[in-house]
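Enquirer: Just query-v9.tsv, nothing more (TSV, C-alpha atoms and all ligand atoms):
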chain	number	residue	atom	x	y	z
A	1	MET	CA	0.00	0.00	0.00
A	2	VAL	CA	1.42	3.37	-1.04
A	3	ILE	CA	0.07	6.43	0.78
A	4	VAL	CA	0.59	9.24	-1.73
A	5	GLY	CA	0.13	12.28	0.56
A	6	HIS	CA	-1.06	15.72	-0.48
A	7	GLU	CA	1.59	16.11	-3.20
A	8	PRO	CA	1.65	12.78	-5.09
A	9	GLY	CA	5.03	12.25	-6.71
A	10	GLY	CA	6.59	14.90	-4.47
A	11	GLN	CA	9.26	17.15	-5.88
A	12	LEU	CA	9.37	15.25	-9.18
A	13	SER	CA	5.75	16.18	-9.80
A	14	ILE	CA	6.74	19.87	-9.86
A	15	THR	CA	9.87	19.43	-11.97
A	16	THR	CA	10.10	19.99	-15.71
A	17	GLU	CA	12.93	18.06	-17.33
A	18	VAL	CA	14.81	15.42	-15.34
A	19	GLU	CA	18.10	15.12	-17.18
A	20	ASN	CA	19.99	12.79	-14.87
A	21	TYR	CA	17.67	9.79	-14.45
A	22	PRO	CA	19.30	6.75	-16.11
A	23	GLY	CA	17.55	5.20	-19.08
A	24	PHE	CA	16.28	8.44	-20.59
A	25	PRO	CA	19.02	9.77	-22.88
A	26	GLU	CA	16.89	12.76	-23.91
A	27	GLY	CA	15.71	13.45	-20.33
A	28	ILE	CA	12.16	12.92	-19.10
A	29	ASN	CA	9.42	15.18	-17.82
A	30	GLY	CA	9.04	14.88	-13.98
A	31	PRO	CA	5.27	14.13	-13.84
A	32	GLU	CA	5.69	11.59	-16.66
A	33	LEU	CA	8.42	9.81	-14.72
A	34	VAL	CA	6.17	9.74	-11.64
A	35	GLU	CA	3.27	8.28	-13.66
A	36	ASN	CA	5.55	5.65	-15.22
A	37	MET	CA	6.80	4.61	-11.78
A	38	LYS	CA	3.24	4.35	-10.49
A	39	LEU	CA	2.14	2.17	-13.42
A	40	GLN	CA	5.19	-0.04	-12.97
A	41	ALA	CA	4.53	-0.47	-9.24
A	42	GLU	CA	0.86	-1.24	-9.93
A	43	ARG	CA	1.88	-3.91	-12.41
A	44	PHE	CA	3.53	-5.68	-9.46
A	45	GLY	CA	0.51	-5.33	-7.20
A	46	ALA	CA	1.11	-2.04	-5.38
A	47	GLU	CA	-2.08	-0.23	-4.35
A	48	PHE	CA	-2.20	3.56	-4.12
A	49	MET	CA	-4.19	5.38	-1.48
A	50	TRP	CA	-4.88	9.13	-1.44
A	51	GLY	CA	-4.47	10.71	1.97
A	52	SER	CA	-1.95	12.08	4.45
A	53	VAL	CA	-0.42	10.49	7.53
A	54	SER	CA	-1.09	12.60	10.62
A	55	GLU	CA	0.02	10.29	13.42
A	56	VAL	CA	1.77	6.96	13.93
A	57	ASP	CA	2.09	4.44	16.73
A	58	LEU	CA	5.35	2.55	16.27
A	59	SER	CA	5.56	1.35	19.88
A	60	GLN	CA	4.17	-2.09	19.04
A	61	ARG	CA	3.49	-4.33	16.08
A	62	PRO	CA	1.53	-4.26	13.95
A	63	PHE	CA	2.36	-0.55	13.62
A	64	ARG	CA	-0.62	1.80	13.52
A	65	ILE	CA	-0.81	4.63	10.98
A	66	ASN	CA	-3.42	7.37	11.06
A	67	ILE	CA	-4.41	8.35	7.53
A	68	ASP	CA	-6.99	11.13	7.28
A	69	ASP	CA	-8.39	10.25	10.74
A	70	GLU	CA	-8.59	6.52	10.12
A	71	TRP	CA	-6.19	4.07	11.77
A	72	HIS	CA	-4.56	1.43	9.58
A	73	GLU	CA	-2.33	-1.45	10.67
A	74	THR	CA	0.85	-2.61	8.98
A	75	ARG	CA	3.58	-5.14	9.72
A	76	THR	CA	6.25	-2.94	8.22
A	77	LEU	CA	6.70	0.63	7.08
A	78	ILE	CA	8.92	2.48	4.60
A	79	ILE	CA	9.05	6.23	5.24
A	80	ALA	CA	9.61	7.97	1.90
A	81	SER	CA	7.83	11.22	2.64
A	82	GLY	CA	10.55	13.40	1.10
A	83	ALA	CA	11.22	17.04	1.83
A	84	SER	CA	9.22	20.22	1.10
A	85	ALA	CA	10.13	23.74	0.14
A	86	ARG	CA	11.66	26.06	2.74
A	87	TRP	CA	10.27	29.60	3.19
A	88	LEU	CA	12.14	32.74	4.26
A	89	GLY	CA	9.76	33.60	7.10
A	90	LEU	CA	9.21	37.20	5.93
A	91	PRO	CA	6.36	39.12	7.60
A	92	ASN	CA	4.17	39.10	4.46
A	93	GLU	CA	5.43	35.99	2.70
A	94	GLN	CA	2.72	33.51	3.69
A	95	LYS	CA	-0.06	36.07	3.07
A	96	LEU	CA	1.04	36.40	-0.55
A	97	ILE	CA	1.49	32.72	-1.41
A	98	GLY	CA	-0.51	32.14	-4.57
A	99	HIS	CA	-0.60	35.90	-5.18
A	100	GLY	CA	2.91	36.26	-6.52
A	101	VAL	CA	4.88	34.31	-3.90
A	102	SER	CA	5.68	30.78	-5.01
A	103	SER	CA	8.05	27.90	-4.29
A	104	CYS	CA	7.41	26.20	-7.61
A	105	ALA	CA	8.55	27.80	-10.83
A	106	THR	CA	7.21	24.98	-12.98
A	107	CYS	CA	3.76	25.33	-11.40
A	108	ASP	CA	3.46	29.11	-11.53
A	109	GLY	CA	6.00	30.40	-14.05
A	110	ALA	CA	3.56	30.74	-16.93
A	111	PHE	CA	1.58	33.35	-14.96
A	112	TYR	CA	4.47	35.80	-15.29
A	113	LYS	CA	4.75	36.31	-19.04
A	114	GLU	CA	6.62	39.56	-19.74
A	115	ARG	CA	6.65	40.34	-16.00
A	116	LYS	CA	9.50	40.99	-13.60
A	117	ILE	CA	10.51	37.89	-11.69
A	118	MET	CA	12.78	37.37	-8.70
A	119	VAL	CA	14.33	34.06	-7.61
A	120	ILE	CA	15.85	33.69	-4.14
A	121	GLY	CA	18.71	31.24	-3.58
A	122	GLY	CA	22.16	30.31	-4.76
A	123	GLY	CA	21.85	26.55	-5.32
A	124	ASP	CA	21.05	24.39	-8.35
A	125	THR	CA	17.32	24.82	-7.82
A	126	ALA	CA	17.64	28.61	-8.00
A	127	MET	CA	19.64	28.36	-11.24
A	128	GLU	CA	17.26	25.83	-12.75
A	129	GLU	CA	14.23	27.94	-11.83
A	130	ALA	CA	15.82	31.17	-13.08
A	131	ASN	CA	16.54	29.55	-16.45
A	132	PHE	CA	13.02	28.16	-16.65
A	133	LEU	CA	11.39	31.44	-15.62
A	134	ALA	CA	13.45	33.39	-18.16
A	135	ARG	CA	11.29	31.71	-20.82
A	136	PHE	CA	8.34	33.70	-19.51
A	137	GLY	CA	9.46	36.84	-17.70
A	138	SER	CA	10.79	40.07	-19.14
A	139	GLU	CA	13.68	39.76	-16.67
A	140	VAL	CA	14.70	37.42	-13.86
A	141	THR	CA	16.77	38.62	-10.90
A	142	VAL	CA	18.50	36.00	-8.78
A	143	VAL	CA	19.01	37.24	-5.24
A	144	HIS	CA	21.61	35.41	-3.17
A	145	ARG	CA	22.77	36.16	0.37
A	146	ARG	CA	26.47	35.45	-0.34
A	147	SER	CA	28.81	36.08	-3.26
A	148	GLU	CA	29.75	32.42	-3.63
A	149	PHE	CA	27.26	29.97	-5.07
A	150	ARG	CA	26.37	26.49	-3.95
A	151	ALA	CA	25.10	25.72	-7.45
A	152	SER	CA	27.14	23.45	-9.72
A	153	LYS	CA	29.35	25.25	-12.24
A	154	ILE	CA	27.39	24.07	-15.26
A	155	MET	CA	24.05	25.32	-13.87
A	156	LEU	CA	25.55	28.63	-12.74
A	157	ASP	CA	27.28	29.19	-16.09
A	158	ARG	CA	24.04	28.50	-17.93
A	159	ALA	CA	22.18	31.08	-15.83
A	160	ARG	CA	25.01	33.62	-16.22
A	161	ALA	CA	24.93	33.18	-19.98
A	162	ASN	CA	21.21	33.93	-20.15
A	163	PRO	CA	20.79	37.61	-21.11
A	164	LYS	CA	17.48	37.84	-19.24
A	165	ILE	CA	19.00	36.77	-15.91
A	166	LYS	CA	20.63	39.29	-13.57
A	167	PHE	CA	22.31	38.56	-10.24
A	168	LEU	CA	22.16	40.44	-6.95
A	169	VAL	CA	24.66	38.92	-4.53
A	170	ASN	CA	25.30	39.67	-0.86
A	171	THR	CA	21.65	40.66	-0.76
A	172	VAL	CA	18.82	39.52	1.49
A	173	VAL	CA	15.08	40.09	1.28
A	174	GLU	CA	13.56	42.00	4.19
A	175	ASP	CA	9.94	41.76	3.08
A	176	VAL	CA	7.60	41.39	0.14
A	177	HIS	CA	4.83	43.91	-0.76
A	178	ASP	CA	1.86	44.46	-1.06
A	179	VAL	CA	-0.65	42.68	1.16
A	180	SER	CA	-3.18	45.54	0.89
A	181	GLN	CA	-3.43	44.87	-2.87
A	182	SER	CA	-3.36	41.05	-2.42
A	183	MET	CA	-0.55	40.78	-4.94
A	184	VAL	CA	3.21	40.99	-5.12
A	185	THR	CA	4.28	44.43	-6.33
A	186	GLY	CA	7.83	44.58	-4.99
A	187	VAL	CA	10.34	43.61	-2.34
A	188	LYS	CA	12.50	45.34	0.22
A	189	LEU	CA	16.13	44.31	-0.18
A	190	ARG	CA	19.25	44.82	1.93
A	191	ASP	CA	22.86	44.68	0.83
A	192	VAL	CA	24.59	42.79	3.67
A	193	VAL	CA	27.97	44.39	2.90
A	194	THR	CA	27.03	48.07	2.59
A	195	GLY	CA	23.83	47.96	4.64
A	196	ARG	CA	21.91	49.77	1.87
A	197	VAL	CA	18.17	49.08	1.95
A	198	TRP	CA	15.98	49.64	-1.09
A	199	ASP	CA	12.69	48.67	-2.70
A	200	GLN	CA	12.55	46.93	-6.04
A	201	GLU	CA	9.53	46.34	-8.25
A	202	VAL	CA	8.76	42.71	-8.94
A	203	ASP	CA	5.66	40.72	-9.97
A	204	GLY	CA	6.68	37.13	-9.23
A	205	PHE	CA	8.70	36.11	-6.17
A	206	PHE	CA	10.06	32.54	-6.28
A	207	LEU	CA	11.75	30.84	-3.34
A	208	ALA	CA	14.48	28.29	-4.09
A	209	ILE	CA	16.25	28.07	-0.74
A	210	GLY	CA	16.16	24.37	-0.02
A	211	HIS	CA	13.83	21.96	1.70
A	212	ILE	CA	12.59	20.68	5.06
A	213	PRO	CA	12.10	16.92	5.58
A	214	ASN	CA	8.49	15.76	5.96
A	215	THR	CA	8.80	13.96	9.27
A	216	LYS	CA	6.26	15.75	11.45
A	217	PRO	CA	4.19	12.62	12.27
A	218	PHE	CA	7.39	10.79	13.28
A	219	VAL	CA	8.75	13.31	15.81
A	220	GLY	CA	9.42	11.42	19.03
A	221	LYS	CA	8.60	8.10	17.32
A	222	ILE	CA	11.88	7.45	15.48
A	223	ASP	CA	15.37	8.99	15.69
A	224	LEU	CA	15.57	12.28	13.76
A	225	ASP	CA	18.52	14.67	13.54
A	226	PRO	CA	18.20	18.30	14.74
A	227	ASP	CA	16.93	19.38	11.28
A	228	GLY	CA	14.28	16.65	11.25
A	229	TYR	CA	15.95	14.23	8.82
A	230	ILE	CA	15.69	10.53	9.70
A	231	VAL	CA	18.87	9.14	11.24
A	232	SER	CA	19.82	6.01	9.34
A	233	LYS	CA	20.95	2.95	11.23
A	234	GLY	CA	22.66	1.57	8.14
A	235	GLY	CA	21.16	0.36	4.87
A	236	ALA	CA	17.55	1.50	4.93
A	237	ARG	CA	17.06	0.88	8.64
A	238	THR	CA	15.76	3.34	11.21
A	239	ASN	CA	16.17	2.80	14.96
A	240	VAL	CA	12.75	1.09	15.06
A	241	THR	CA	12.89	-2.53	13.90
A	242	GLY	CA	10.56	-2.95	10.94
A	243	VAL	CA	10.55	0.75	9.97
A	244	PHE	CA	12.72	1.72	7.00
A	245	HIS	CA	13.57	4.93	5.15
A	246	ALA	CA	14.02	5.86	1.49
A	247	GLY	CA	14.89	9.09	-0.28
A	248	ASP	CA	15.15	12.74	0.72
A	249	VAL	CA	13.46	12.23	4.09
A	250	GLN	CA	16.81	10.79	5.21
A	251	ASP	CA	19.20	12.09	2.53
A	252	ARG	CA	20.38	15.69	2.80
A	253	VAL	CA	23.38	15.16	0.52
A	254	TYR	CA	22.53	13.53	-2.81
A	255	ARG	CA	18.79	14.29	-3.10
A	256	GLN	CA	18.34	13.08	-6.66
A	257	ALA	CA	15.52	11.02	-8.16
A	258	VAL	CA	17.95	8.25	-9.01
A	259	THR	CA	19.43	8.06	-5.50
A	260	ALA	CA	15.94	8.11	-3.98
A	261	ALA	CA	14.84	5.31	-6.33
A	262	GLY	CA	17.94	3.30	-5.34
A	263	ALA	CA	17.17	3.91	-1.68
A	264	GLY	CA	13.60	2.72	-2.33
A	265	CYS	CA	14.98	-0.50	-3.77
A	266	MET	CA	17.19	-0.97	-0.69
A	267	ALA	CA	14.21	-0.41	1.61
A	268	ALA	CA	12.05	-2.87	-0.35
A	269	ILE	CA	14.73	-5.58	-0.10
A	270	GLU	CA	15.09	-4.95	3.64
A	271	VAL	CA	11.31	-5.16	4.08
A	272	GLU	CA	11.15	-8.43	2.21
A	273	ARG	CA	13.93	-9.95	4.34
A	274	PHE	CA	12.41	-8.58	7.52
A	275	LEU	CA	8.98	-10.10	6.77
A	276	GLU	CA	10.54	-13.39	5.67
A	277	ALA	CA	12.55	-13.60	8.89
A	278	GLU	CA	9.33	-13.01	10.82
A	279	GLY	CA	7.74	-15.95	9.00
A	280	HIS	CA	5.35	-13.98	6.78
B	301	LIG	P1	20.68	23.96	-1.68
B	301	LIG	O1	21.77	23.42	-2.52
B	301	LIG	O2	20.63	23.64	-0.23
B	301	LIG	O3	20.74	25.56	-1.86
B	301	LIG	C1	19.90	26.38	-1.12
B	301	LIG	C2	20.29	27.82	-1.39
B	301	LIG	O4	19.38	28.67	-0.69
B	301	LIG	C3	21.69	28.16	-0.91
B	301	LIG	O5	22.35	28.96	-1.85
B	301	LIG	C4	21.44	28.90	0.40
B	301	LIG	O6	22.39	29.90	0.65
B	301	LIG	C5	20.12	29.55	0.14
B	301	LIG	N1	19.36	29.75	1.39
B	301	LIG	C6	18.98	28.82	2.31
B	301	LIG	N2	18.30	29.39	3.31
B	301	LIG	C7	18.27	30.70	3.03
B	301	LIG	C8	17.71	31.82	3.71
B	301	LIG	N3	17.05	31.69	4.86
B	301	LIG	N4	17.87	33.03	3.13
B	301	LIG	C9	18.51	33.18	1.96
B	301	LIG	N5	19.05	32.16	1.28
B	301	LIG	C10	18.92	30.94	1.81
B	301	LIG	O7	19.22	23.58	-2.24
B	301	LIG	P2	18.75	23.35	-3.75
B	301	LIG	O8	19.26	24.37	-4.66
B	301	LIG	O9	17.29	23.15	-3.61
B	301	LIG	O10	19.42	21.96	-4.15
B	301	LIG	C11	19.20	20.80	-3.36
B	301	LIG	C12	19.90	19.58	-3.99
B	301	LIG	O11	19.23	19.22	-5.21
B	301	LIG	C13	21.35	19.83	-4.36
B	301	LIG	O12	22.08	18.65	-4.11
B	301	LIG	C14	21.28	20.13	-5.82
B	301	LIG	O13	22.50	19.83	-6.50
B	301	LIG	C15	20.15	19.22	-6.28
B	301	LIG	N6	19.51	19.76	-7.51
B	301	LIG	C16	19.92	19.30	-8.71
B	301	LIG	C17	19.34	19.76	-9.88
B	301	LIG	C18	19.80	19.23	-11.20
B	301	LIG	O14	20.86	18.64	-11.27
B	301	LIG	N7	19.03	19.38	-12.26
B	301	LIG	C19	18.34	20.73	-9.82
B	301	LIG	C20	17.94	21.20	-8.58
B	301	LIG	C21	18.53	20.71	-7.42
B	301	LIG	P3	23.88	29.53	1.14
B	301	LIG	O15	24.58	29.03	-0.08
B	301	LIG	O16	24.40	30.84	1.64
B	301	LIG	O17	23.72	28.51	2.22
Just give me the structure as structure tokens.

Expert:
Amino acid sequence: MVIVGHEPGGQLSITTEVENYPGFPEGINGPELVENMKLQAERFGAEFMWGSVSEVDLSQRPFRINIDDEWHETRTLIIASGASARWLGLPNEQKLIGHGVSSCATCDGAFYKERKIMVIGGGDTAMEEANFLARFGSEVTVVHRRSEFRASKIMLDRARANPKIKFLVNTVVEDVHDVSQSMVTGVKLRDVVTGRVWDQEVDGFFLAIGHIPNTKPFVGKIDLDPDGYIVSKGGARTNVTGVFHAGDVQDRVYRQAVTAAGAGCMAAIEVERFLEAEGH
């Protein structure tokens, strides 16, 4: 049984081209890859259930999982709940989500044709989103809090070579306007070196500053690190016998579709051996 959560397919479902998944020399569209995986799993008997896990009881077996207020029992569990977008925590940010503030360029980019777009972050996601958004916007400004980038050289070079993309480094966002109009009209920026503060007009404000692991229902139930990622006990094992992990919910380093798929395979093999050893 696969519980798909409120964002079936996770980050892949909001990705355009996946260029680094083996077997697809021309790359593959994220949602298409998700659908293919689902069909393949179904061919081997997997059942998919819509719903979100709110609570778990891992203190005894069978484990109990609360899905949309209904308790389900299971002999074994693979946690593959991934990680979700991080927000800046600006005073007006949450009020303007869906009104110009977004964490998903592929979902919302097309709304900003010939508009001014800002992307926050200095990693691969920020570069990827800036390149994607440059297809739509009149200009894209990447705002990064340092002068060095975490992004890989190839992604950074591609963004730098795009004439529509400008960079503002050593710059942080203080707030986003304008709640009274229920739309993004601009941002307040601060240069962290000179201390200069200024307002800049912008229509679309895209966050690309990393992710937070989706482990809320598991707090206090399995070992998590201070950032909420699952602590692996080797292979795909967690500290609770019979509970396994796969993908970004445990992996803060590699975070690729292919590594998550490999981790899923490891977890499935561990589950099979675990159940067999228990005589099932
Ligand atoms: P990331 O590498 O963790 O980068 C996050 C960026 O956001 C960093 O530049 C960080 O700044 C900045 N940031 C974090 N918190 C911030 C805050 N509160 N205020 C301002 N800036 C903040 O995350 P990512 O770009 O999402 O990439 C995650 C992983 O996925 C990486 O391994 C990446 O290589 C991979 N990825 C690969 C591809 C691809 O190959 N096609 C595409 C996307 C992502 P600092 O640098 O100052 O910390």

Enquirer: Hey, which residues sit close to ligand LIG 301 (chain B)? Say within 9 Å, counting only C-alpha atoms and all ligand atoms, and write them as a PyMOL selection string.

Expert: chain A and resi 15+17-20+85-89+120-129+143-152+155+171-173+207-211+252-256

Enquirer: For each of A:Val202, A:Thr106, A:Gly82, A:Leu168, take the minimum atom-to-atom distance to Glu139 (chain A), counting all atoms listed in the file, then give the residue where this is smallest.

Expert: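 That would be A:Val202, the residue with the smallest distance to Glu139 (chain A).
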
Enquirer: Of the residues A:Asn92, A:Gln11, A:Ser180, A:Asn162, which is the one nearest to Leu133 (chain A), using only C-alpha atoms?

Expert: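 So, comparing all the options, the nearest one is A:Asn162.
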
Enquirer: Please determine, counting only C-alpha atoms, which residue among A:Glu7, A:Asp203, A:Glu270, A:Val56 has the shortest atom-to-atom distance to Asp108 (chain A).

Expert: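 Closest to Asp108 (chain A) of all the choices is A:Asp203.
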
Enquirer: Name the residues in contact with Glu70 (chain A) at a cut-off of 12 Å, using all atoms listed in the file, excluding same-chain residues fewer than 4 positions from it; report them as an NGL selection string.

Expert: :A and (51-56 or 64-66)

Enquirer: Can you pull out every residue within 12 Å of Pro226 (chain A), counting all atoms listed in the file, but drop anything in the same chain fewer than 6 positions away, and send it as a ChimeraX atom specification?

Expert: /A:212-213,215,219-220

Enquirer: Between CA of Glu93 (chain A) and CA of Phe205 (chain A), what distance in Å does the model show, to one decimal?

Expert: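 Taking CA of Glu93 (chain A) as the start and CA of Phe205 (chain A) as the end point, the length is 9.5 Å.
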
Enquirer: Quick one, how far is CA of Ile117 (chain A) from CA of Val197 (chain A)?

Expert: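 If I compute the distance from CA of Ile117 (chain A) to CA of Val197 (chain A), I get 19.2 Å.
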